[in-house]
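J.: Before I ask anything, let me first share the structure, which is written out below as structure tokens.
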There are 2 protein chains.
Amino acid sequence: MNRVAIEKSVLSVNNQIAAHLRDALDASGALALNFISSPGSGKTALLEETLKLLPHSTRAAVLTGDIQTDNDAQRLQRYGYPVRQITTGGACHLDARMVADHLGDWENFELLLIENVGNLVCPTSYDLGEDAKVVVLSVTEGEDKPLKYPGIFRRSELMIINKIDLLRHVPFRMDLARENARRINPRIEIIATSCTTGAGLGHWMNWLADRAGKKVRAAPSQEVVHALSGT
Amino acid sequence: MNRVAIEKSVLSVNNQIAAHLRDALDASGALALNFISSPGSGKTALLEETLKLLPHSTRAAVLTGDIQTDNDAQRLQRYGYPVRQITTGGACHLDARMVADHLGDWENFELLLIENVGNLVCPTSYDLGEDAKVVVLSVTEGEDKPLKYPGIFRRSELMIINKIDLLRHVPFRMDLARENARRINPRIEIIATSCTTGAGLGHWMNWLADRAGKKVRAAPSQEVVHALSGT
């Protein structure tokens with residue numbers, strides 16, 4: 001087997017596990033989001049703000065991936081929700097097996113937030129069974145990133161443009177960033193946020209509640225009341 | 001063959017090509033640097049400033065890698081030095097074969113600057129025949145990156161902490177960033193720069209001239225006068 005064949009086979013195994021995960025999530029109506037970005041774009045800070053702003057009765061759970069350290073899990077554990085660190089030990093992305101293994105005995109959640117390894121390339125190819133990929137781009141990275149790393153922008157349902165409090169200190173053009181993202185993916189939704197000033201977080205939380213509501217309404221059983229979506 | 005065996009074999013082929021590249025560079029006394037960072041840390045801007053500040057007689061050449069677009073090559077071509085874009089078309093890192101193929105008929109250079117694909121993980125494993133890896137970390141990414149992505153910090157000779165003009169707008173602690181990098185690699189050299197204000201660029205250019213001088217002095221033939229190092 002050559003390398004391409006091996007990679008296809010690895011992706012095929014991954015897709016099977018991801019399909020099982022997706023079936024289970026769909027059956028329960030739980031929404032799973034896969035957050036992907038460069039290192040240091042502010043994914044963890046965004047998830048911290050999200051956990052602070054969620055209605056307290058939300059049954060949320062968080063998986064956070066890194067090559068090394070459990071720093072992110074430590075940061076995220078302060079908010080009263082179950083959090084597990086996935087340390088990949090060298091692998092440049094999460095895969096569906098890692099997610100399945102770390103979900104363990106968690107069952108009764110309605111929202112699963114998955115923070116991928118900081119990498120705009122490799123996580124793109126690995127389906128984790130999520131409902132949607134969310135790409136986070138910070139304004140310090142430059143507005144050309146959708147063109148240079150088109151894969152993740154093509155596959156994401158939402159782009160969060162983060163750290164907009166730094167806009168006046170960097171030569172980032174918001175209009176061009178939006179235009180570049182839409183050249184790659186005309187349907188991508190875009191929300192601009194700052195976890196420092198709180199700008200845009202209300203917009204983001206509304207998007208999240210709306211998306212969770214859609215997922216619940218599509219689920220076979222609607223007996224459980226979901227706090228986040230009010231459904 | 002399983003996946004690990006395939007990866008070992010791919011790396012082994014890469015290392016053979018890299019060894020040939022290194023032999024050729026060593027014979028001529030040319031210095032090759034492999035710049036690695038997250039997307040958007042400012043590698044291209046740093047290379048632009050470097051090309052502006054080089055003594056005009058320096059025989060420098062630049063290879064710049066990206067998944068898509070030749071934006072970076074266009075930016076770098078303004079300074080009168082030969083520049084080639086390597087578009088990987090999906091691959092998350094440069095490899096030695098790409099470098100060898102793109103060097104083409106370039107021969108008489110004394111400095112080769114290689115800008116890798118923006119990715120803190122995968123480029124780390126691929127030797128390009130370079131003399132040294134230079135990791136660029138921008139202050140907006142956070143001072144924890146050496147601990148979370150130890151591989152590249154362990155293998156780099158120099159860490160450039162870039163965008164220090166933004167220090168007062170972000171919660172980045174320079175002392176902690178240095179400490180974290182030295183925990184991973186006690187011998188790493190560290191230079192702080194801003195391509196916006198020019199801070200630290202003199203320090204960086206001195207490091208570059210010094211490193212080029214060492215390389216020339218180690219080369220078997222010293223007939224050629226190298227402009228950069230004054231040797």
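To be explicit about the labels: the chains of the structure tokens are called A, B, and onward in the order shown, and within each one the residues are counted from 1, while ligands get numbers from 1 in the order they are shown.
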Would you kindly report the residues of chain B within 10 Å of chain A, using only C-alpha atoms, as a ChimeraX atom specification?
T.: /B:1-7,9-10,37-42,66-72,87,89-93,117-122,137-151,163,165-166,169-170,196
J.: Just asking: which residues within stretch 7-121 of chain B are helix (DSSP H, G or I) according to DSSP, as a PyMOL selection string?
T.: chain B and resi 7-28+43-53+71-79+96-103
J.: Near B:Arg97, counting only C-alpha atoms, which residues have an atom at most 8 Å away, once you skip same-chain residues fewer than 5 positions from it, shown as a PDB file with all heavy atoms, in the first residue's frame?
T.:
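File written: selection_13.pdb
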ATOM      1  N   ASN B  14      12.676  11.568   2.687  1.00  0.00           N
ATOM      2  CA  ASN B  14      12.866  13.009   2.860  1.00  0.00           C
ATOM      3  C   ASN B  14      14.268  13.307   3.401  1.00  0.00           C
ATOM      4  O   ASN B  14      14.947  14.213   2.935  1.00  0.00           O
ATOM      5  CB  ASN B  14      11.810  13.562   3.823  1.00  0.00           C
ATOM      6  CG  ASN B  14      11.910  15.069   3.941  1.00  0.00           C
ATOM      7  OD1 ASN B  14      11.464  15.795   3.058  1.00  0.00           O
ATOM      8  ND2 ASN B  14      12.537  15.554   5.011  1.00  0.00           N
ATOM      9  N   ILE B  17      17.014  13.139   0.759  1.00  0.00           N
ATOM     10  CA  ILE B  17      17.058  14.318  -0.126  1.00  0.00           C
ATOM     11  C   ILE B  17      17.607  15.512   0.650  1.00  0.00           C
ATOM     12  O   ILE B  17      18.434  16.280   0.139  1.00  0.00           O
ATOM     13  CB  ILE B  17      15.656  14.628  -0.687  1.00  0.00           C
ATOM     14  CG1 ILE B  17      15.112  13.412  -1.438  1.00  0.00           C
ATOM     15  CG2 ILE B  17      15.698  15.845  -1.602  1.00  0.00           C
ATOM     16  CD1 ILE B  17      13.640  13.525  -1.810  1.00  0.00           C
ATOM     17  N   ALA B  18      17.171  15.649   1.898  1.00  0.00           N
ATOM     18  CA  ALA B  18      17.645  16.759   2.734  1.00  0.00           C
ATOM     19  C   ALA B  18      19.159  16.684   2.926  1.00  0.00           C
ATOM     20  O   ALA B  18      19.850  17.710   2.916  1.00  0.00           O
ATOM     21  CB  ALA B  18      16.929  16.742   4.084  1.00  0.00           C
TER      22      ALA B  18
END
J.: Could you name the residues that touch B:Leu111 at 9 Å or less, counting only C-alpha atoms, but leaving out those on the same chain fewer than 5 positions away, as a list in words?
T.: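 With the cut-off at 9 Å, the set is Gly29, Ala30, Leu31, Ala32, Leu33, Thr58, Arg59, Ala60, Ala61, Val62, Ala212 and Leu228 of chain B.
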J.: Choose the residue, out of A:Phe109, A:Phe35, A:Tyr79, A:Trp204, that has the smallest atom-to-atom separation from A:Ile152; count only C-alpha atoms.
T.: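 That would be A:Phe35, the residue with the smallest distance to A:Ile152.
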J.: Apply DSSP to the backbone of this structure and, from stretch 66-172 of chain B, keep only the residues in strand (DSSP E); write these as a ChimeraX atom specification.
T.: /B:66,83-87,111-115,132-138,156-162
J.: Give me, please, the distance in Å between atom CA of A:Lys52 and atom CA of A:Val136, quoted to one decimal.
T.: 18.8 Å
J.: Could you name the residues that touch A:Ala132 at 12 Å or less, counting only C-alpha atoms, but leaving out those on the same chain fewer than 6 positions away, as a PDB file with N, CA and C atoms, in the first residue's frame?
T.:
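Below is the file that was written, result.pdb:
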ATOM      1  N   ARG A  22     -22.079  10.586  15.063  1.00  0.00           N
ATOM      2  CA  ARG A  22     -23.125  11.479  14.541  1.00  0.00           C
ATOM      3  C   ARG A  22     -24.513  10.875  14.768  1.00  0.00           C
ATOM      4  N   LEU A  31     -26.176  19.042  20.058  1.00  0.00           N
ATOM      5  CA  LEU A  31     -25.415  19.759  19.033  1.00  0.00           C
ATOM      6  C   LEU A  31     -23.924  19.643  19.334  1.00  0.00           C
ATOM      7  N   ALA A  32     -23.143  19.248  18.331  1.00  0.00           N
ATOM      8  CA  ALA A  32     -21.687  19.173  18.507  1.00  0.00           C
ATOM      9  C   ALA A  32     -21.000  20.112  17.522  1.00  0.00           C
ATOM     10  N   LEU A  33     -20.129  20.956  18.038  1.00  0.00           N
ATOM     11  CA  LEU A  33     -19.385  21.898  17.193  1.00  0.00           C
ATOM     12  C   LEU A  33     -17.888  21.623  17.307  1.00  0.00           C
ATOM     13  N   ASN A  34     -17.206  21.693  16.184  1.00  0.00           N
ATOM     14  CA  ASN A  34     -15.769  21.415  16.091  1.00  0.00           C
ATOM     15  C   ASN A  34     -15.059  22.728  15.766  1.00  0.00           C
ATOM     16  N   PHE A  35     -14.362  23.284  16.748  1.00  0.00           N
ATOM     17  CA  PHE A  35     -13.699  24.585  16.591  1.00  0.00           C
ATOM     18  C   PHE A  35     -12.279  24.395  16.077  1.00  0.00           C
ATOM     19  N   ILE A  36     -11.977  25.030  14.956  1.00  0.00           N
ATOM     20  CA  ILE A  36     -10.678  24.873  14.309  1.00  0.00           C
ATOM     21  C   ILE A  36     -10.080  26.254  14.041  1.00  0.00           C
ATOM     22  N   LEU A 112     -22.092  19.801  22.817  1.00  0.00           N
ATOM     23  CA  LEU A 112     -20.710  19.331  22.927  1.00  0.00           C
ATOM     24  C   LEU A 112     -19.814  20.287  22.143  1.00  0.00           C
ATOM     25  N   LEU A 113     -18.920  20.940  22.871  1.00  0.00           N
ATOM     26  CA  LEU A 113     -17.982  21.866  22.245  1.00  0.00           C
ATOM     27  C   LEU A 113     -16.631  21.165  22.145  1.00  0.00           C
ATOM     28  N   ILE A 114     -16.108  21.042  20.930  1.00  0.00           N
ATOM     29  CA  ILE A 114     -14.833  20.346  20.724  1.00  0.00           C
ATOM     30  C   ILE A 114     -13.809  21.343  20.205  1.00  0.00           C
ATOM     31  N   THR A 124      -8.891  19.761   9.280  1.00  0.00           N
ATOM     32  CA  THR A 124      -9.930  19.936   8.273  1.00  0.00           C
ATOM     33  C   THR A 124     -10.433  18.610   7.709  1.00  0.00           C
ATOM     34  N   ILE A 152     -10.468  24.598   5.196  1.00  0.00           N
ATOM     35  CA  ILE A 152     -11.264  24.742   6.418  1.00  0.00           C
ATOM     36  C   ILE A 152     -12.366  25.782   6.238  1.00  0.00           C
ATOM     37  N   PHE A 153     -12.098  26.816   5.450  1.00  0.00           N
ATOM     38  CA  PHE A 153     -13.140  27.832   5.239  1.00  0.00           C
ATOM     39  C   PHE A 153     -14.261  27.281   4.356  1.00  0.00           C
ATOM     40  N   ARG A 154     -13.903  26.377   3.451  1.00  0.00           N
ATOM     41  CA  ARG A 154     -14.912  25.757   2.589  1.00  0.00           C
ATOM     42  C   ARG A 154     -15.831  24.855   3.409  1.00  0.00           C
ATOM     43  N   ARG A 155     -15.265  24.198   4.429  1.00  0.00           N
ATOM     44  CA  ARG A 155     -16.034  23.192   5.178  1.00  0.00           C
ATOM     45  C   ARG A 155     -16.721  23.753   6.418  1.00  0.00           C
ATOM     46  N   SER A 156     -16.482  25.015   6.746  1.00  0.00           N
ATOM     47  CA  SER A 156     -17.052  25.559   7.976  1.00  0.00           C
ATOM     48  C   SER A 156     -18.408  26.194   7.727  1.00  0.00           C
ATOM     49  N   GLU A 157     -19.291  26.044   8.681  1.00  0.00           N
ATOM     50  CA  GLU A 157     -20.605  26.682   8.595  1.00  0.00           C
ATOM     51  C   GLU A 157     -20.516  28.125   9.082  1.00  0.00           C
ATOM     52  N   LEU A 158     -19.605  28.363  10.002  1.00  0.00           N
ATOM     53  CA  LEU A 158     -19.470  29.687  10.618  1.00  0.00           C
ATOM     54  C   LEU A 158     -18.000  30.075  10.709  1.00  0.00           C
ATOM     55  N   MET A 159     -17.711  31.331  10.392  1.00  0.00           N
ATOM     56  CA  MET A 159     -16.380  31.894  10.665  1.00  0.00           C
ATOM     57  C   MET A 159     -16.545  32.928  11.766  1.00  0.00           C
ATOM     58  N   ILE A 188     -20.957  30.687   3.945  1.00  0.00           N
ATOM     59  CA  ILE A 188     -20.417  30.746   5.305  1.00  0.00           C
ATOM     60  C   ILE A 188     -21.043  31.910   6.069  1.00  0.00           C
ATOM     61  N   GLU A 189     -21.428  31.649   7.313  1.00  0.00           N
ATOM     62  CA  GLU A 189     -21.911  32.730   8.179  1.00  0.00           C
ATOM     63  C   GLU A 189     -20.712  33.342   8.898  1.00  0.00           C
ATOM     64  N   LEU A 208     -25.641  30.295  18.473  1.00  0.00           N
ATOM     65  CA  LEU A 208     -25.496  28.991  19.122  1.00  0.00           C
ATOM     66  C   LEU A 208     -26.870  28.453  19.566  1.00  0.00           C
ATOM     67  N   ARG A 211     -28.877  27.482  16.498  1.00  0.00           N
ATOM     68  CA  ARG A 211     -28.369  26.246  15.886  1.00  0.00           C
ATOM     69  C   ARG A 211     -28.758  25.037  16.732  1.00  0.00           C
ATOM     70  N   ALA A 212     -28.684  25.198  18.067  1.00  0.00           N
ATOM     71  CA  ALA A 212     -29.067  24.099  18.971  1.00  0.00           C
ATOM     72  C   ALA A 212     -30.553  23.804  18.824  1.00  0.00           C
ATOM     73  N   LYS A 215     -31.270  21.747  15.815  1.00  0.00           N
ATOM     74  CA  LYS A 215     -30.841  20.356  16.013  1.00  0.00           C
ATOM     75  C   LYS A 215     -31.874  19.595  16.840  1.00  0.00           C
TER      76      LYS A 215
END
J.: Nearest to B:Lys214: which of B:Glu130, B:Gly230, B:Ser57, B:Pro171 is it, counting only C-alpha atoms?
T.: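 Of B:Glu130, B:Gly230, B:Ser57, B:Pro171, the one nearest B:Lys214, counting only C-alpha atoms, is B:Gly230.
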J.: Env of B:Ala96: 12 Å cut, atoms = only C-alpha atoms, seq-sep filter 6 positions within chain, self excluded. Answer as an mmCIF file with all heavy atoms, in the first residue's frame.
T.:
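See part_23.cif below for the written result:
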data_model
loop_
_atom_site.group_PDB
_atom_site.id
_atom_site.type_symbol
_atom_site.label_atom_id
_atom_site.label_comp_id
_atom_site.auth_asym_id
_atom_site.auth_seq_id
_atom_site.Cartn_x
_atom_site.Cartn_y
_atom_site.Cartn_z
ATOM 1 N N VAL B 10 8.493 7.527 4.447
ATOM 2 C CA VAL B 10 8.415 8.850 3.810
ATOM 3 C C VAL B 10 9.460 9.773 4.412
ATOM 4 O O VAL B 10 10.173 10.496 3.702
ATOM 5 C CB VAL B 10 6.994 9.449 3.996
ATOM 6 C CG1 VAL B 10 6.977 10.924 3.623
ATOM 7 C CG2 VAL B 10 5.987 8.672 3.162
ATOM 8 N N LEU B 11 9.598 9.748 5.738
ATOM 9 C CA LEU B 11 10.580 10.600 6.400
ATOM 10 C C LEU B 11 11.998 10.192 6.012
ATOM 11 O O LEU B 11 12.880 11.037 5.872
ATOM 12 C CB LEU B 11 10.390 10.546 7.919
ATOM 13 C CG LEU B 11 9.239 11.413 8.435
ATOM 14 C CD1 LEU B 11 9.001 11.168 9.920
ATOM 15 C CD2 LEU B 11 9.524 12.896 8.193
ATOM 16 N N SER B 12 12.195 8.894 5.830
ATOM 17 C CA SER B 12 13.522 8.420 5.470
ATOM 18 C C SER B 12 13.914 8.915 4.070
ATOM 19 O O SER B 12 15.038 9.375 3.853
ATOM 20 C CB SER B 12 13.534 6.897 5.558
ATOM 21 O OG SER B 12 14.584 6.379 4.814
ATOM 22 N N VAL B 13 12.979 8.838 3.133
ATOM 23 C CA VAL B 13 13.236 9.378 1.788
ATOM 24 C C VAL B 13 13.505 10.875 1.888
ATOM 25 O O VAL B 13 14.442 11.410 1.292
ATOM 26 C CB VAL B 13 12.030 9.109 0.852
ATOM 27 C CG1 VAL B 13 12.178 9.885 -0.446
ATOM 28 C CG2 VAL B 13 11.880 7.621 0.579
ATOM 29 N N ASN B 14 12.676 11.568 2.687
ATOM 30 C CA ASN B 14 12.866 13.009 2.860
ATOM 31 C C ASN B 14 14.268 13.307 3.401
ATOM 32 O O ASN B 14 14.947 14.213 2.935
ATOM 33 C CB ASN B 14 11.810 13.562 3.823
ATOM 34 C CG ASN B 14 11.910 15.069 3.941
ATOM 35 O OD1 ASN B 14 11.464 15.795 3.058
ATOM 36 N ND2 ASN B 14 12.537 15.554 5.011
ATOM 37 N N ASN B 15 14.688 12.514 4.377
ATOM 38 C CA ASN B 15 15.989 12.774 5.002
ATOM 39 C C ASN B 15 17.143 12.567 4.033
ATOM 40 O O ASN B 15 18.160 13.256 4.122
ATOM 41 C CB ASN B 15 16.158 11.886 6.241
ATOM 42 C CG ASN B 15 15.272 12.374 7.374
ATOM 43 O OD1 ASN B 15 14.739 13.478 7.324
ATOM 44 N ND2 ASN B 15 15.104 11.552 8.389
ATOM 45 N N GLN B 16 16.969 11.634 3.115
ATOM 46 C CA GLN B 16 18.023 11.413 2.119
ATOM 47 C C GLN B 16 18.160 12.630 1.195
ATOM 48 O O GLN B 16 19.265 13.086 0.910
ATOM 49 C CB GLN B 16 17.716 10.175 1.280
ATOM 50 C CG GLN B 16 17.939 8.868 2.038
ATOM 51 C CD GLN B 16 17.390 7.667 1.279
ATOM 52 O OE1 GLN B 16 17.360 7.685 0.054
ATOM 53 N NE2 GLN B 16 16.963 6.654 1.993
ATOM 54 N N ILE B 17 17.014 13.139 0.759
ATOM 55 C CA ILE B 17 17.058 14.318 -0.126
ATOM 56 C C ILE B 17 17.607 15.512 0.650
ATOM 57 O O ILE B 17 18.434 16.280 0.139
ATOM 58 C CB ILE B 17 15.656 14.628 -0.687
ATOM 59 C CG1 ILE B 17 15.112 13.412 -1.438
ATOM 60 C CG2 ILE B 17 15.698 15.845 -1.602
ATOM 61 C CD1 ILE B 17 13.640 13.525 -1.810
ATOM 62 N N ALA B 18 17.171 15.649 1.898
ATOM 63 C CA ALA B 18 17.645 16.759 2.734
ATOM 64 C C ALA B 18 19.159 16.684 2.926
ATOM 65 O O ALA B 18 19.850 17.710 2.916
ATOM 66 C CB ALA B 18 16.929 16.742 4.084
ATOM 67 N N ALA B 19 19.676 15.468 3.075
ATOM 68 C CA ALA B 19 21.124 15.303 3.272
ATOM 69 C C ALA B 19 21.890 15.768 2.032
ATOM 70 O O ALA B 19 22.934 16.421 2.143
ATOM 71 C CB ALA B 19 21.452 13.850 3.601
ATOM 72 N N HIS B 20 21.348 15.461 0.845
ATOM 73 C CA HIS B 20 21.988 15.934 -0.390
ATOM 74 C C HIS B 20 21.966 17.459 -0.461
ATOM 75 O O HIS B 20 22.958 18.095 -0.825
ATOM 76 C CB HIS B 20 21.261 15.365 -1.626
ATOM 77 C CG HIS B 20 21.598 13.939 -1.906
ATOM 78 N ND1 HIS B 20 22.872 13.529 -2.235
ATOM 79 C CD2 HIS B 20 20.852 12.816 -1.873
ATOM 80 C CE1 HIS B 20 22.887 12.222 -2.406
ATOM 81 N NE2 HIS B 20 21.664 11.752 -2.190
ATOM 82 N N LEU B 21 20.812 18.041 -0.125
ATOM 83 C CA LEU B 21 20.711 19.499 -0.114
ATOM 84 C C LEU B 21 21.738 20.095 0.844
ATOM 85 O O LEU B 21 22.435 21.063 0.510
ATOM 86 C CB LEU B 21 19.303 19.932 0.340
ATOM 87 C CG LEU B 21 18.178 19.828 -0.678
ATOM 88 C CD1 LEU B 21 16.821 20.036 0.005
ATOM 89 C CD2 LEU B 21 18.363 20.890 -1.783
ATOM 90 N N ARG B 22 21.818 19.503 2.026
ATOM 91 C CA ARG B 22 22.737 20.032 3.053
ATOM 92 C C ARG B 22 24.180 19.957 2.570
ATOM 93 O O ARG B 22 24.956 20.897 2.765
ATOM 94 C CB ARG B 22 22.531 19.269 4.360
ATOM 95 C CG ARG B 22 23.365 19.800 5.514
ATOM 96 C CD ARG B 22 22.923 19.264 6.860
ATOM 97 N NE ARG B 22 21.684 19.890 7.299
ATOM 98 C CZ ARG B 22 20.515 19.272 7.451
ATOM 99 N NH1 ARG B 22 20.415 17.986 7.186
ATOM 100 N NH2 ARG B 22 19.452 19.931 7.847
ATOM 101 N N ASN B 34 15.083 27.805 7.813
ATOM 102 C CA ASN B 34 13.727 27.283 7.626
ATOM 103 C C ASN B 34 12.820 27.959 8.662
ATOM 104 O O ASN B 34 12.921 27.673 9.851
ATOM 105 C CB ASN B 34 13.796 25.758 7.818
ATOM 106 C CG ASN B 34 12.462 25.059 7.698
ATOM 107 O OD1 ASN B 34 11.437 25.683 7.429
ATOM 108 N ND2 ASN B 34 12.470 23.754 7.915
ATOM 109 N N LEU B 63 12.474 30.929 -0.896
ATOM 110 C CA LEU B 63 11.398 29.997 -1.254
ATOM 111 C C LEU B 63 10.291 30.188 -0.239
ATOM 112 O O LEU B 63 10.555 30.217 0.968
ATOM 113 C CB LEU B 63 11.895 28.545 -1.187
ATOM 114 C CG LEU B 63 12.948 28.127 -2.202
ATOM 115 C CD1 LEU B 63 13.383 26.685 -1.934
ATOM 116 C CD2 LEU B 63 12.410 28.261 -3.626
ATOM 117 N N ILE B 86 6.309 27.950 -3.478
ATOM 118 C CA ILE B 86 5.994 26.517 -3.508
ATOM 119 C C ILE B 86 4.544 26.386 -3.042
ATOM 120 O O ILE B 86 4.235 26.680 -1.884
ATOM 121 C CB ILE B 86 6.900 25.704 -2.562
ATOM 122 C CG1 ILE B 86 8.377 25.955 -2.890
ATOM 123 C CG2 ILE B 86 6.554 24.216 -2.638
ATOM 124 C CD1 ILE B 86 9.353 25.243 -1.948
ATOM 125 N N HIS B 102 12.348 23.198 -6.455
ATOM 126 C CA HIS B 102 12.166 24.634 -6.681
ATOM 127 C C HIS B 102 13.471 25.422 -6.698
ATOM 128 O O HIS B 102 13.491 26.564 -7.140
ATOM 129 C CB HIS B 102 11.182 25.224 -5.670
ATOM 130 C CG HIS B 102 9.758 24.869 -5.979
ATOM 131 N ND1 HIS B 102 9.232 23.627 -5.696
ATOM 132 C CD2 HIS B 102 8.766 25.560 -6.589
ATOM 133 C CE1 HIS B 102 7.974 23.584 -6.097
ATOM 134 N NE2 HIS B 102 7.657 24.741 -6.639
ATOM 135 N N LEU B 103 14.533 24.830 -6.183
ATOM 136 C CA LEU B 103 15.828 25.523 -6.289
ATOM 137 C C LEU B 103 16.229 25.619 -7.760
ATOM 138 O O LEU B 103 16.851 26.596 -8.172
ATOM 139 C CB LEU B 103 16.905 24.770 -5.503
ATOM 140 C CG LEU B 103 16.872 24.977 -3.992
ATOM 141 C CD1 LEU B 103 17.945 24.135 -3.323
ATOM 142 C CD2 LEU B 103 17.067 26.457 -3.639
ATOM 143 N N ILE B 114 13.819 30.099 3.652
ATOM 144 C CA ILE B 114 12.705 29.226 3.301
ATOM 145 C C ILE B 114 11.556 29.492 4.268
ATOM 146 O O ILE B 114 11.668 29.250 5.473
ATOM 147 C CB ILE B 114 13.100 27.734 3.392
ATOM 148 C CG1 ILE B 114 14.365 27.459 2.580
ATOM 149 C CG2 ILE B 114 11.946 26.854 2.927
ATOM 150 C CD1 ILE B 114 14.954 26.062 2.817
ATOM 151 N N ASN B 116 8.215 28.309 5.526
ATOM 152 C CA ASN B 116 7.409 27.092 5.496
ATOM 153 C C ASN B 116 5.912 27.432 5.494
ATOM 154 O O ASN B 116 5.527 28.597 5.672
ATOM 155 C CB ASN B 116 7.751 26.211 6.710
ATOM 156 C CG ASN B 116 7.788 24.733 6.359
ATOM 157 O OD1 ASN B 116 6.842 24.227 5.763
ATOM 158 N ND2 ASN B 116 8.858 24.058 6.700
ATOM 159 N N PRO B 123 5.431 20.838 9.903
ATOM 160 C CA PRO B 123 6.728 21.161 9.295
ATOM 161 C C PRO B 123 7.915 20.752 10.180
ATOM 162 O O PRO B 123 9.026 20.583 9.690
ATOM 163 C CB PRO B 123 6.684 22.695 9.149
ATOM 164 C CG PRO B 123 5.236 23.032 9.088
ATOM 165 C CD PRO B 123 4.581 22.049 10.030
ATOM 166 N N SER B 125 8.746 18.009 11.517
ATOM 167 C CA SER B 125 9.345 16.685 11.281
ATOM 168 C C SER B 125 10.106 16.594 9.965
ATOM 169 O O SER B 125 10.756 15.581 9.715
ATOM 170 C CB SER B 125 8.255 15.616 11.267
ATOM 171 O OG SER B 125 7.446 15.719 12.401
ATOM 172 N N TYR B 126 9.984 17.592 9.110
ATOM 173 C CA TYR B 126 10.566 17.476 7.777
ATOM 174 C C TYR B 126 11.825 18.324 7.637
ATOM 175 O O TYR B 126 11.759 19.551 7.552
ATOM 176 C CB TYR B 126 9.528 17.863 6.701
ATOM 177 C CG TYR B 126 8.491 16.781 6.551
ATOM 178 C CD1 TYR B 126 7.425 16.675 7.445
ATOM 179 C CD2 TYR B 126 8.620 15.811 5.561
ATOM 180 C CE1 TYR B 126 6.506 15.646 7.347
ATOM 181 C CE2 TYR B 126 7.705 14.779 5.456
ATOM 182 C CZ TYR B 126 6.646 14.706 6.343
ATOM 183 O OH TYR B 126 5.747 13.679 6.245
ATOM 184 N N ASP B 127 12.956 17.638 7.622
ATOM 185 C CA ASP B 127 14.245 18.284 7.390
ATOM 186 C C ASP B 127 14.276 18.792 5.950
ATOM 187 O O ASP B 127 13.958 18.048 5.016
ATOM 188 C CB ASP B 127 15.343 17.235 7.608
ATOM 189 C CG ASP B 127 16.748 17.797 7.482
ATOM 190 O OD1 ASP B 127 16.891 19.020 7.279
ATOM 191 O OD2 ASP B 127 17.700 16.999 7.592
ATOM 192 N N LEU B 128 14.620 20.050 5.760
ATOM 193 C CA LEU B 128 14.727 20.609 4.407
ATOM 194 C C LEU B 128 16.192 20.822 4.010
ATOM 195 O O LEU B 128 16.470 21.507 3.035
ATOM 196 C CB LEU B 128 13.961 21.936 4.320
ATOM 197 C CG LEU B 128 12.487 21.910 4.754
ATOM 198 C CD1 LEU B 128 11.868 23.297 4.577
ATOM 199 C CD2 LEU B 128 11.705 20.861 3.971
ATOM 200 N N GLY B 129 17.111 20.255 4.796
ATOM 201 C CA GLY B 129 18.529 20.477 4.522
ATOM 202 C C GLY B 129 19.030 21.794 5.086
ATOM 203 O O GLY B 129 20.162 22.207 4.852
ATOM 204 N N GLU B 130 18.180 22.465 5.863
ATOM 205 C CA GLU B 130 18.527 23.787 6.389
ATOM 206 C C GLU B 130 19.631 23.694 7.448
ATOM 207 O O GLU B 130 19.844 22.653 8.057
ATOM 208 C CB GLU B 130 17.285 24.432 7.027
ATOM 209 C CG GLU B 130 16.854 23.858 8.374
ATOM 210 C CD GLU B 130 15.938 22.645 8.266
ATOM 211 O OE1 GLU B 130 15.466 22.355 7.148
ATOM 212 O OE2 GLU B 130 15.716 21.978 9.295
#
J.: Nearest to A:Lys133 among A:Ile160, A:Leu76, A:Ile191, A:Ala177, with distances taken over only C-alpha atoms: which residue is it?
T.: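 Of the candidates, the smallest distance to A:Lys133 is held by A:Ile160.
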